[in-house]
file model24.pdb (PDB, C-alpha atoms)
ATOM      1  CA  MET A 269      -6.486  -4.144   0.128  1.00  0.00           C
ATOM      2  CA  ASN A 270      -4.772  -7.025   1.873  1.00  0.00           C
ATOM      3  CA  GLN A 271      -6.244  -8.449   5.054  1.00  0.00           C
ATOM      4  CA  GLU A 272      -4.337  -9.290   8.194  1.00  0.00           C
ATOM      5  CA  SER A 273      -6.798 -10.485  10.807  1.00  0.00           C
ATOM      6  CA  GLN A 274     -10.453 -10.372   9.711  1.00  0.00           C
ATOM      7  CA  GLN A 275     -10.789 -13.433   7.484  1.00  0.00           C
ATOM      8  CA  PRO A 276     -13.992 -14.375   5.640  1.00  0.00           C
ATOM      9  CA  ARG A 277     -15.742 -17.622   6.532  1.00  0.00           C
ATOM     10  CA  GLY A 278     -17.870 -20.243   4.845  1.00  0.00           C
ATOM     11  CA  GLU A 279     -19.669 -19.728   1.573  1.00  0.00           C
ATOM     12  CA  ASN A 280     -18.790 -16.035   1.317  1.00  0.00           C
ATOM     13  CA  GLN A 281     -15.100 -16.857   1.481  1.00  0.00           C
ATOM     14  CA  ASP A 282     -15.386 -19.440  -1.284  1.00  0.00           C
ATOM     15  CA  LEU A 283     -17.382 -17.073  -3.492  1.00  0.00           C
ATOM     16  CA  TRP A 284     -15.044 -14.106  -2.972  1.00  0.00           C
ATOM     17  CA  ARG A 285     -11.990 -16.228  -3.750  1.00  0.00           C
ATOM     18  CA  SER A 286     -13.599 -17.687  -6.857  1.00  0.00           C
ATOM     19  CA  VAL A 287     -14.468 -14.237  -8.198  1.00  0.00           C
ATOM     20  CA  ASP A 288     -10.930 -13.006  -7.458  1.00  0.00           C
ATOM     21  CA  ARG A 289      -9.449 -15.984  -9.328  1.00  0.00           C
ATOM     22  CA  TYR A 290     -11.718 -15.327 -12.310  1.00  0.00           C
ATOM     23  CA  VAL A 291     -11.027 -11.585 -12.494  1.00  0.00           C
ATOM     24  CA  THR A 292      -7.317 -11.879 -11.779  1.00  0.00           C
ATOM     25  CA  GLY A 293      -6.845 -14.729 -14.224  1.00  0.00           C
ATOM     26  CA  LEU A 294      -8.324 -12.677 -17.049  1.00  0.00           C
ATOM     27  CA  LEU A 295      -7.122  -9.160 -16.266  1.00  0.00           C
ATOM     28  CA  ALA A 296      -4.154  -9.316 -13.890  1.00  0.00           C
ATOM     29  CA  PRO A 297      -2.411 -12.701 -14.076  1.00  0.00           C
ATOM     30  CA  ASP A 298       0.913 -13.023 -12.302  1.00  0.00           C
ATOM     31  CA  ASP A 299       3.889 -13.315 -14.638  1.00  0.00           C
ATOM     32  CA  GLU A 300       7.140 -15.103 -13.846  1.00  0.00           C
ATOM     33  CA  VAL A 301       8.557 -12.138 -11.915  1.00  0.00           C
ATOM     34  CA  LEU A 302       5.493 -11.675  -9.722  1.00  0.00           C
ATOM     35  CA  THR A 303       5.170 -15.406  -9.103  1.00  0.00           C
ATOM     36  CA  ALA A 304       8.846 -15.582  -8.129  1.00  0.00           C
ATOM     37  CA  ALA A 305       8.364 -12.652  -5.726  1.00  0.00           C
ATOM     38  CA  VAL A 306       5.521 -14.450  -3.970  1.00  0.00           C
ATOM     39  CA  GLU A 307       7.448 -17.711  -3.813  1.00  0.00           C
ATOM     40  CA  ALA A 308      10.569 -15.996  -2.434  1.00  0.00           C
ATOM     41  CA  SER A 309       8.485 -14.256   0.219  1.00  0.00           C
ATOM     42  CA  ASP A 310       6.873 -17.559   1.200  1.00  0.00           C
ATOM     43  CA  ARG A 311      10.251 -19.318   1.459  1.00  0.00           C
ATOM     44  CA  ALA A 312      11.532 -16.524   3.681  1.00  0.00           C
ATOM     45  CA  GLY A 313       8.575 -16.949   6.011  1.00  0.00           C
ATOM     46  CA  LEU A 314       7.021 -13.544   5.355  1.00  0.00           C
ATOM     47  CA  PRO A 315       3.347 -13.294   6.311  1.00  0.00           C
ATOM     48  CA  ALA A 316       0.975 -13.856   3.386  1.00  0.00           C
ATOM     49  CA  ILE A 317      -0.543 -10.371   3.554  1.00  0.00           C
ATOM     50  CA  ALA A 318       0.635  -8.842   0.276  1.00  0.00           C
ATOM     51  CA  VAL A 319      -2.015  -7.298  -1.943  1.00  0.00           C
ATOM     52  CA  ALA A 320      -3.833  -9.661  -4.289  1.00  0.00           C
ATOM     53  CA  GLY A 321      -2.953  -9.633  -7.973  1.00  0.00           C
ATOM     54  CA  ASN A 322      -6.028  -7.669  -9.031  1.00  0.00           C
ATOM     55  CA  GLN A 323      -5.271  -5.126  -6.289  1.00  0.00           C
ATOM     56  CA  GLY A 324      -1.679  -4.821  -7.445  1.00  0.00           C
ATOM     57  CA  LYS A 325      -2.985  -4.156 -10.950  1.00  0.00           C
ATOM     58  CA  LEU A 326      -5.209  -1.417  -9.495  1.00  0.00           C
ATOM     59  CA  LEU A 327      -2.169   0.251  -7.914  1.00  0.00           C
ATOM     60  CA  TYR A 328      -0.376   0.037 -11.253  1.00  0.00           C
ATOM     61  CA  LEU A 329      -3.311   1.615 -13.096  1.00  0.00           C
ATOM     62  CA  LEU A 330      -3.701   4.369 -10.509  1.00  0.00           C
ATOM     63  CA  ALA A 331      -0.005   5.222 -10.823  1.00  0.00           C
ATOM     64  CA  LEU A 332      -0.265   5.245 -14.624  1.00  0.00           C
ATOM     65  CA  THR A 333      -3.405   7.382 -14.567  1.00  0.00           C
ATOM     66  CA  GLN A 334      -1.725   9.740 -12.140  1.00  0.00           C
ATOM     67  CA  GLY A 335       1.261  10.039 -14.461  1.00  0.00           C
ATOM     68  CA  ALA A 336       3.383   9.331 -11.413  1.00  0.00           C
ATOM     69  CA  ARG A 337       7.117   9.872 -11.641  1.00  0.00           C
ATOM     70  CA  ARG A 338       7.883   9.769  -7.919  1.00  0.00           C
ATOM     71  CA  VAL A 339       6.245   7.273  -5.556  1.00  0.00           C
ATOM     72  CA  LEU A 340       6.617   6.762  -1.812  1.00  0.00           C
ATOM     73  CA  GLU A 341       5.495   3.449  -0.343  1.00  0.00           C
ATOM     74  CA  ILE A 342       5.296   2.942   3.415  1.00  0.00           C
ATOM     75  CA  GLY A 343       5.420  -0.791   4.124  1.00  0.00           C
ATOM     76  CA  THR A 344       7.296  -2.973   1.624  1.00  0.00           C
ATOM     77  CA  LEU A 345       6.921  -6.543   2.899  1.00  0.00           C
ATOM     78  CA  GLY A 346       8.385  -8.691   0.078  1.00  0.00           C
ATOM     79  CA  GLY A 347       8.042  -6.043  -2.596  1.00  0.00           C
ATOM     80  CA  TYR A 348       5.022  -7.449  -4.467  1.00  0.00           C
ATOM     81  CA  SER A 349       3.115  -4.152  -4.456  1.00  0.00           C
ATOM     82  CA  THR A 350       6.409  -2.340  -5.009  1.00  0.00           C
ATOM     83  CA  ILE A 351       6.927  -4.200  -8.277  1.00  0.00           C
ATOM     84  CA  TRP A 352       3.448  -3.267  -9.508  1.00  0.00           C
ATOM     85  CA  LEU A 353       3.990   0.406  -8.659  1.00  0.00           C
ATOM     86  CA  ALA A 354       7.529   0.566 -10.052  1.00  0.00           C
ATOM     87  CA  ARG A 355       6.362  -0.910 -13.358  1.00  0.00           C
ATOM     88  CA  ALA A 356       4.137   2.139 -13.831  1.00  0.00           C
ATOM     89  CA  LEU A 357       7.047   4.574 -13.617  1.00  0.00           C
ATOM     90  CA  PRO A 358       9.031   6.011 -16.528  1.00  0.00           C
ATOM     91  CA  ALA A 359      12.693   5.043 -16.915  1.00  0.00           C
ATOM     92  CA  ASP A 360      13.774   8.136 -14.980  1.00  0.00           C
ATOM     93  CA  GLY A 361      11.124   7.661 -12.285  1.00  0.00           C
ATOM     94  CA  ARG A 362      11.854   6.954  -8.647  1.00  0.00           C
ATOM     95  CA  LEU A 363      10.153   4.825  -6.017  1.00  0.00           C
ATOM     96  CA  ILE A 364      11.228   4.805  -2.373  1.00  0.00           C
ATOM     97  CA  SER A 365       9.758   2.115  -0.137  1.00  0.00           C
ATOM     98  CA  LEU A 366      10.150   2.164   3.642  1.00  0.00           C
ATOM     99  CA  GLU A 367      10.247  -1.174   5.476  1.00  0.00           C
ATOM    100  CA  TYR A 368      10.628  -1.724   9.212  1.00  0.00           C
ATOM    101  CA  SER A 369      12.040  -5.256   9.006  1.00  0.00           C
ATOM    102  CA  GLY A 370      15.563  -5.723   7.705  1.00  0.00           C
ATOM    103  CA  ALA A 371      14.777  -9.330   6.776  1.00  0.00           C
ATOM    104  CA  HIS A 372      11.717  -8.303   4.785  1.00  0.00           C
ATOM    105  CA  ALA A 373      13.685  -5.538   3.083  1.00  0.00           C
ATOM    106  CA  GLU A 374      16.347  -7.989   1.894  1.00  0.00           C
ATOM    107  CA  VAL A 375      13.695 -10.212   0.317  1.00  0.00           C
ATOM    108  CA  ALA A 376      12.121  -7.173  -1.357  1.00  0.00           C
ATOM    109  CA  ARG A 377      15.451  -5.929  -2.716  1.00  0.00           C
ATOM    110  CA  ALA A 378      16.164  -9.333  -4.243  1.00  0.00           C
ATOM    111  CA  ASN A 379      12.676  -9.438  -5.778  1.00  0.00           C
ATOM    112  CA  LEU A 380      13.121  -5.960  -7.255  1.00  0.00           C
ATOM    113  CA  ALA A 381      16.532  -6.874  -8.679  1.00  0.00           C
ATOM    114  CA  ARG A 382      15.067 -10.000 -10.280  1.00  0.00           C
ATOM    115  CA  ALA A 383      12.348  -7.807 -11.792  1.00  0.00           C
ATOM    116  CA  GLY A 384      14.970  -5.449 -13.231  1.00  0.00           C
ATOM    117  CA  LEU A 385      13.554  -2.579 -11.192  1.00  0.00           C
ATOM    118  CA  ASP A 386      16.322  -1.958  -8.676  1.00  0.00           C
ATOM    119  CA  SER A 387      17.485   1.081 -10.659  1.00  0.00           C
ATOM    120  CA  VAL A 388      14.054   2.659 -10.166  1.00  0.00           C
ATOM    121  CA  ALA A 389      12.949   1.334  -6.772  1.00  0.00           C
ATOM    122  CA  GLU A 390      14.865   1.665  -3.515  1.00  0.00           C
ATOM    123  CA  VAL A 391      14.018  -0.003  -0.189  1.00  0.00           C
ATOM    124  CA  ARG A 392      15.050   1.778   3.001  1.00  0.00           C
ATOM    125  CA  THR A 393      15.079  -0.048   6.322  1.00  0.00           C
ATOM    126  CA  GLY A 394      13.895   1.228   9.702  1.00  0.00           C
ATOM    127  CA  ALA A 395      10.833   2.508  11.483  1.00  0.00           C
ATOM    128  CA  ALA A 396       9.091   4.812   9.016  1.00  0.00           C
ATOM    129  CA  LEU A 397       8.527   7.540  11.599  1.00  0.00           C
ATOM    130  CA  GLN A 398      12.321   7.680  11.998  1.00  0.00           C
ATOM    131  CA  THR A 399      13.243   7.407   8.317  1.00  0.00           C
ATOM    132  CA  LEU A 400      10.632   9.882   7.067  1.00  0.00           C
ATOM    133  CA  PRO A 401      12.275  12.944   8.694  1.00  0.00           C
ATOM    134  CA  LYS A 402      15.603  11.912   7.149  1.00  0.00           C
ATOM    135  CA  LEU A 403      13.958  11.514   3.769  1.00  0.00           C
ATOM    136  CA  ALA A 404      12.274  14.901   4.044  1.00  0.00           C
ATOM    137  CA  ALA A 405      15.642  16.532   4.796  1.00  0.00           C
ATOM    138  CA  GLU A 406      17.238  15.237   1.594  1.00  0.00           C
ATOM    139  CA  PRO A 407      17.561  17.766  -1.232  1.00  0.00           C
ATOM    140  CA  GLY A 408      15.042  16.982  -3.939  1.00  0.00           C
ATOM    141  CA  ALA A 409      13.365  14.232  -1.927  1.00  0.00           C
ATOM    142  CA  GLY A 410       9.883  15.361  -2.884  1.00  0.00           C
ATOM    143  CA  PRO A 411       7.260  16.097  -3.736  1.00  0.00           C
ATOM    144  CA  PHE A 412       5.897  12.645  -4.489  1.00  0.00           C
ATOM    145  CA  ASP A 413       3.073  12.094  -6.946  1.00  0.00           C
ATOM    146  CA  LEU A 414       1.625   9.000  -5.276  1.00  0.00           C
ATOM    147  CA  PHE A 415       1.787   7.460  -1.804  1.00  0.00           C
ATOM    148  CA  PHE A 416       0.851   3.895  -0.874  1.00  0.00           C
ATOM    149  CA  ILE A 417       0.522   3.407   2.888  1.00  0.00           C
ATOM    150  CA  ASP A 418       0.381  -0.239   3.968  1.00  0.00           C
ATOM    151  CA  ALA A 419       2.348  -0.504   7.205  1.00  0.00           C
ATOM    152  CA  ASP A 420       1.472  -0.691  10.909  1.00  0.00           C
ATOM    153  CA  LYS A 421      -2.055   0.648  11.238  1.00  0.00           C
ATOM    154  CA  VAL A 422      -1.464   2.261  14.628  1.00  0.00           C
ATOM    155  CA  ASN A 423       0.491   5.038  12.910  1.00  0.00           C
ATOM    156  CA  ASN A 424      -1.781   5.519   9.886  1.00  0.00           C
ATOM    157  CA  ALA A 425      -2.645   9.095  10.839  1.00  0.00           C
ATOM    158  CA  ARG A 426       1.034   9.978  11.261  1.00  0.00           C
ATOM    159  CA  TYR A 427       1.839   8.488   7.864  1.00  0.00           C
ATOM    160  CA  VAL A 428      -0.892  10.549   6.206  1.00  0.00           C
ATOM    161  CA  GLU A 429       0.507  13.665   7.886  1.00  0.00           C
ATOM    162  CA  TRP A 430       3.931  12.878   6.451  1.00  0.00           C
ATOM    163  CA  ALA A 431       2.425  12.214   3.030  1.00  0.00           C
ATOM    164  CA  LEU A 432       0.896  15.684   3.139  1.00  0.00           C
ATOM    165  CA  ARG A 433       4.264  17.207   3.992  1.00  0.00           C
ATOM    166  CA  LEU A 434       5.895  15.439   1.060  1.00  0.00           C
ATOM    167  CA  SER A 435       3.076  16.027  -1.424  1.00  0.00           C
ATOM    168  CA  ARG A 436       2.026  18.626  -3.978  1.00  0.00           C
ATOM    169  CA  PRO A 437      -1.429  19.702  -5.138  1.00  0.00           C
ATOM    170  CA  GLY A 438      -2.664  16.765  -7.189  1.00  0.00           C
ATOM    171  CA  SER A 439      -0.746  14.071  -5.299  1.00  0.00           C
ATOM    172  CA  LEU A 440      -2.641  10.850  -4.594  1.00  0.00           C
ATOM    173  CA  ILE A 441      -2.595   9.086  -1.204  1.00  0.00           C
ATOM    174  CA  ILE A 442      -3.756   5.464  -0.931  1.00  0.00           C
ATOM    175  CA  VAL A 443      -4.150   3.858   2.503  1.00  0.00           C
ATOM    176  CA  ASP A 444      -4.710   0.110   2.737  1.00  0.00           C
ATOM    177  CA  ASN A 445      -6.703  -1.976   5.264  1.00  0.00           C
ATOM    178  CA  VAL A 446      -9.145   0.732   6.300  1.00  0.00           C
ATOM    179  CA  VAL A 447     -12.220  -1.467   6.872  1.00  0.00           C
ATOM    180  CA  ARG A 448     -10.699  -4.423   8.709  1.00  0.00           C
ATOM    181  CA  GLY A 449     -13.631  -6.772   8.313  1.00  0.00           C
ATOM    182  CA  GLY A 450     -15.970  -4.080   9.614  1.00  0.00           C
ATOM    183  CA  ALA A 451     -14.065  -3.693  12.873  1.00  0.00           C
ATOM    184  CA  VAL A 452     -13.488  -0.033  11.999  1.00  0.00           C
ATOM    185  CA  LEU A 453     -17.007   0.598  13.330  1.00  0.00           C
ATOM    186  CA  ALA A 454     -15.873  -0.316  16.848  1.00  0.00           C
ATOM    187  CA  GLU A 455     -15.486   3.067  18.526  1.00  0.00           C
ATOM    188  CA  GLY A 456     -13.366   2.833  21.661  1.00  0.00           C
ATOM    189  CA  GLY A 457     -12.386  -0.775  20.995  1.00  0.00           C
ATOM    190  CA  ALA A 458      -9.241  -2.430  22.316  1.00  0.00           C
ATOM    191  CA  ASP A 459      -7.590  -3.094  18.940  1.00  0.00           C
ATOM    192  CA  PRO A 460      -4.823  -0.508  18.393  1.00  0.00           C
ATOM    193  CA  ALA A 461      -4.932  -1.066  14.624  1.00  0.00           C
ATOM    194  CA  VAL A 462      -8.625  -0.158  14.549  1.00  0.00           C
ATOM    195  CA  ALA A 463      -8.019   2.875  16.768  1.00  0.00           C
ATOM    196  CA  GLY A 464      -5.217   4.023  14.475  1.00  0.00           C
ATOM    197  CA  THR A 465      -7.386   3.562  11.413  1.00  0.00           C
ATOM    198  CA  ARG A 466     -10.251   5.539  12.935  1.00  0.00           C
ATOM    199  CA  GLU A 467      -7.818   8.309  13.883  1.00  0.00           C
ATOM    200  CA  MET A 468      -6.670   8.396  10.267  1.00  0.00           C
ATOM    201  CA  TYR A 469     -10.259   8.698   9.014  1.00  0.00           C
ATOM    202  CA  GLU A 470     -10.933  11.575  11.386  1.00  0.00           C
ATOM    203  CA  LEU A 471      -7.762  13.375  10.336  1.00  0.00           C
ATOM    204  CA  VAL A 472      -8.607  13.037   6.636  1.00  0.00           C
ATOM    205  CA  ALA A 473     -12.207  14.133   7.215  1.00  0.00           C
ATOM    206  CA  ARG A 474     -11.183  17.399   8.843  1.00  0.00           C
ATOM    207  CA  GLU A 475      -8.152  18.111   6.625  1.00  0.00           C
ATOM    208  CA  PRO A 476      -9.098  20.858   4.121  1.00  0.00           C
ATOM    209  CA  ARG A 477      -6.182  19.953   1.851  1.00  0.00           C
ATOM    210  CA  LEU A 478      -7.631  16.505   1.128  1.00  0.00           C
ATOM    211  CA  GLU A 479     -10.583  15.271  -0.921  1.00  0.00           C
ATOM    212  CA  ALA A 480     -11.152  11.613  -0.094  1.00  0.00           C
ATOM    213  CA  THR A 481     -13.328   8.537  -0.131  1.00  0.00           C
ATOM    214  CA  ALA A 482     -13.007   4.918   0.998  1.00  0.00           C
ATOM    215  CA  VAL A 483     -14.072   1.731  -0.764  1.00  0.00           C
ATOM    216  CA  GLN A 484     -14.861  -1.630   0.796  1.00  0.00           C
ATOM    217  CA  THR A 485     -13.384  -4.689  -0.884  1.00  0.00           C
ATOM    218  CA  VAL A 486     -14.038  -8.416  -0.623  1.00  0.00           C
ATOM    219  CA  GLY A 487     -11.948 -11.130  -2.179  1.00  0.00           C
ATOM    220  CA  SER A 488      -9.239 -13.675  -1.534  1.00  0.00           C
ATOM    221  CA  LYS A 489      -7.843 -11.380   1.169  1.00  0.00           C
ATOM    222  CA  GLY A 490     -11.144 -11.106   3.030  1.00  0.00           C
ATOM    223  CA  HIS A 491     -13.325  -8.100   3.797  1.00  0.00           C
ATOM    224  CA  ASP A 492     -11.366  -4.865   3.929  1.00  0.00           C
ATOM    225  CA  GLY A 493     -10.933  -1.720   1.863  1.00  0.00           C
ATOM    226  CA  PHE A 494      -8.786   1.241   0.953  1.00  0.00           C
ATOM    227  CA  LEU A 495      -8.894   5.010   1.295  1.00  0.00           C
ATOM    228  CA  LEU A 496      -8.142   7.214  -1.691  1.00  0.00           C
ATOM    229  CA  ALA A 497      -7.305  10.878  -1.085  1.00  0.00           C
ATOM    230  CA  ARG A 498      -6.239  13.635  -3.465  1.00  0.00           C
ATOM    231  CA  VAL A 499      -4.246  16.604  -2.245  1.00  0.00           C
ATOM    232  CA  VAL A 500      -6.171  19.655  -3.448  1.00  0.00           C
ATOM    233  CA  SER A 501      -4.032  22.470  -2.043  1.00  0.00           C
TER     234      SER A 501
END
call {"tool": "encode", "arguments": {"input": "model24.pdb", "output": "C-alpha cells"}}
result
Amino acid sequence: MNQESQQPRGENQDLWRSVDRYVTGLLAPDDEVLTAAVEASDRAGLPAIAVAGNQGKLLYLLALTQGARRVLEIGTLGGYSTIWLARALPADGRLISLEYSGAHAEVARANLARAGLDSVAEVRTGAALQTLPKLAAEPGAGPFDLFFIDADKVNNARYVEWALRLSRPGSLIIVDNVVRGGAVLAEGGADPAVAGTREMYELVAREPRLEATAVQTVGSKGHDGFLLARVVS
C-alpha cells in the first residue's frame, strides 16, 4: 500500500493525491493520535513510507471483518499501521509487531503508548527471520488471525512461509508493495525487492493452502498494490 521507490509523476500524481485527500478526508481522517504518530516519525527522521490514511482504514476494516483477536505485523516503522490494526482488536486481543530497527521501534512504542494501545500491541526488535523462530517457540504464540507483511521485500516469500506456519484455516495474510510501480513485471531484473516480490507471488500461486489475489492501488503513495491471501487448510 505504501510506496518506496516508484513515485508517480506529473498530472497522474496530482490527480491520485487529490482523490486520496478527498476520500481520506471524508472516510478516514487522521485524529490527534494518528497525526501525532506521523509527526513523531517525521521528527525522528523515519522514511515517509507508512501506509496512507485510507489504507490504514482498510487494514482496520479487514481486521474487524476478520474478527481478529491475534495479529502479527512484520515491519513496524513508526507504528502508524500498527495503531490502525490494534484499534480493531478487542480488549483482550494481542498484536505483535516485528521491527528490524531499534530506533524505529522506540518511536513506534512511544506512539502506541500515546494511543493507549501499549497493553494490546507489542513491538519486538531484530531481524524478523531471527525473531520469528523465537516467537514460534513461545507457548501460545499462535495461531494468528491476521498477518500484515510490510518489511524488506527481499524476504517476502520467507515471511509468507512463516505466516503459514503461524496461521490457522481462515487466517488472512496481507502483503504490501507487491506491484512496485509495475516493476514487478521485470523478470530477471536487478532489483532484489522486485525479485523477492516475484518469488512471493510464485510461492503463493503454487501453495495449495492459500487462496489469493492482488490489487493494484494508486494514490498519494504512488502506484503499487497489495496481496490478500486466505489460509484455506
call {"tool": "residues_around", "arguments": {"input": "model24.pdb", "residues": "Val500 of chain A", "least_positions_apart": "5", "cutoff": "6 Å", "atoms": "only C-alpha atoms", "output": "ChimeraX atom specification"}}
result
/A:437-438,477-478
call {"tool": "residues_around", "arguments": {"input": "model24.pdb", "residues": "segment 326-336 of chain A", "least_positions_apart": "4", "cutoff": "6 Å", "atoms": "all atoms listed in the file", "output": "list in words"}}
result
Trp352, Leu353, Ala356 and Asp413 of chain A
call {"tool": "residues_around", "arguments": {"input": "model24.pdb", "residues": "Arg426 of chain A", "least_positions_apart": "3", "cutoff": "12 Å", "atoms": "all atoms listed in the file", "output": "JSON list (two decimals) with C-alpha atoms, in the frame of the given file"}}
result
[["chain", "number", "residue", "atom", "x", "y", "z"],
["A", 342, "ILE", "CA", 5.30, 2.94, 3.42],
["A", 396, "ALA", "CA", 9.09, 4.81, 9.02],
["A", 397, "LEU", "CA", 8.53, 7.54, 11.60],
["A", 398, "GLN", "CA", 12.32, 7.68, 12.00],
["A", 400, "LEU", "CA", 10.63, 9.88, 7.07],
["A", 401, "PRO", "CA", 12.28, 12.94, 8.69],
["A", 417, "ILE", "CA", 0.52, 3.41, 2.89],
["A", 419, "ALA", "CA", 2.35, -0.50, 7.20],
["A", 420, "ASP", "CA", 1.47, -0.69, 10.91],
["A", 421, "LYS", "CA", -2.06, 0.65, 11.24],
["A", 422, "VAL", "CA", -1.46, 2.26, 14.63],
["A", 423, "ASN", "CA", 0.49, 5.04, 12.91],
["A", 429, "GLU", "CA", 0.51, 13.66, 7.89],
["A", 430, "TRP", "CA", 3.93, 12.88, 6.45],
["A", 431, "ALA", "CA", 2.42, 12.21, 3.03],
["A", 432, "LEU", "CA", 0.90, 15.68, 3.14],
["A", 433, "ARG", "CA", 4.26, 17.21, 3.99],
["A", 443, "VAL", "CA", -4.15, 3.86, 2.50],
["A", 464, "GLY", "CA", -5.22, 4.02, 14.48],
["A", 465, "THR", "CA", -7.39, 3.56, 11.41],
["A", 467, "GLU", "CA", -7.82, 8.31, 13.88],
["A", 468, "MET", "CA", -6.67, 8.40, 10.27],
["A", 469, "TYR", "CA", -10.26, 8.70, 9.01],
["A", 471, "LEU", "CA", -7.76, 13.38, 10.34],
["A", 472, "VAL", "CA", -8.61, 13.04, 6.64]]
call {"tool": "resolve_selection", "arguments": {"input": "model24.pdb", "expression": "the PyMOL selection byres ((chain A and resi 485) around 12)", "output": "NGL selection string"}}
result
:A and (269-271 or 276 or 284-285 or 288 or 319-320 or 322-323 or 444-450 or 482-484 or 486-495)
call {"tool": "atom_distance", "arguments": {"input": "model24.pdb", "atom1": "atom CA of Ile351 of chain A", "atom2": "atom CA of Arg392 of chain A"}}
result
15.1 Å
call {"tool": "resolve_selection", "arguments": {"input": "model24.pdb", "expression": "the PyMOL selection byres ((chain A and resi 340) around 7)", "output": "list in words"}}
result
Arg338, Val339, Glu341, Ile342, Leu363, Ile364, Ser365, Phe412, Leu414, Phe415 and Phe416 of chain A
call {"tool": "closest_residue", "arguments": {"input": "model24.pdb", "among": "A:Leu366, A:Leu440, A:Ala318, A:Val375", "to": "Pro411 of chain A", "atoms": "all atoms listed in the file"}}
result
A:Leu440
call {"tool": "residues_near_point", "arguments": {"input": "model24.pdb", "point": "(11.6, -3.6, 14.5)", "cutoff": "9 Å", "atoms": "all atoms listed in the file", "output": "list in words"}}
result
Tyr368, Ser369, Gly370, Gly394 and Ala395 of chain A
call {"tool": "closest_residue", "arguments": {"input": "model24.pdb", "among": "A:Val306, A:Ile442, A:Thr344, A:Ala383", "to": "Leu496 of chain A", "atoms": "only C-alpha atoms"}}
result
A:Ile442
call {"tool": "atom_distance", "arguments": {"input": "model24.pdb", "atom1": "atom CA of Ala409 of chain A", "atom2": "atom CA of Leu302 of chain A"}}
result
28.2 Å
call {"tool": "resolve_selection", "arguments": {"input": "model24.pdb", "expression": "the PyMOL selection byres ((chain A and resi 312) around 12)", "output": "list in words"}}
result
Ala305, Val306, Glu307, Ala308, Ser309, Asp310, Arg311, Gly313, Leu314, Pro315, Ala316, Leu345, Gly346, Ala371, His372, Ala373, Glu374, Val375, Ala376, Ala378 and Asn379 of chain A
call {"tool": "atom_distance", "arguments": {"input": "model24.pdb", "atom1": "atom CA of Ala359 of chain A", "atom2": "atom CA of Lys325 of chain A"}}
result
19.1 Å
call {"tool": "closest_residue", "arguments": {"input": "model24.pdb", "among": "A:Pro476, A:Pro297, A:Gly456, A:Gly410", "to": "Ser501 of chain A", "atoms": "all atoms listed in the file"}}
result
A:Pro476
call {"tool": "closest_residue", "arguments": {"input": "model24.pdb", "among": "A:Gly343, A:Gly321, A:Pro358, A:Gly408", "to": "Val388 of chain A", "atoms": "only C-alpha atoms"}}
result
A:Pro358
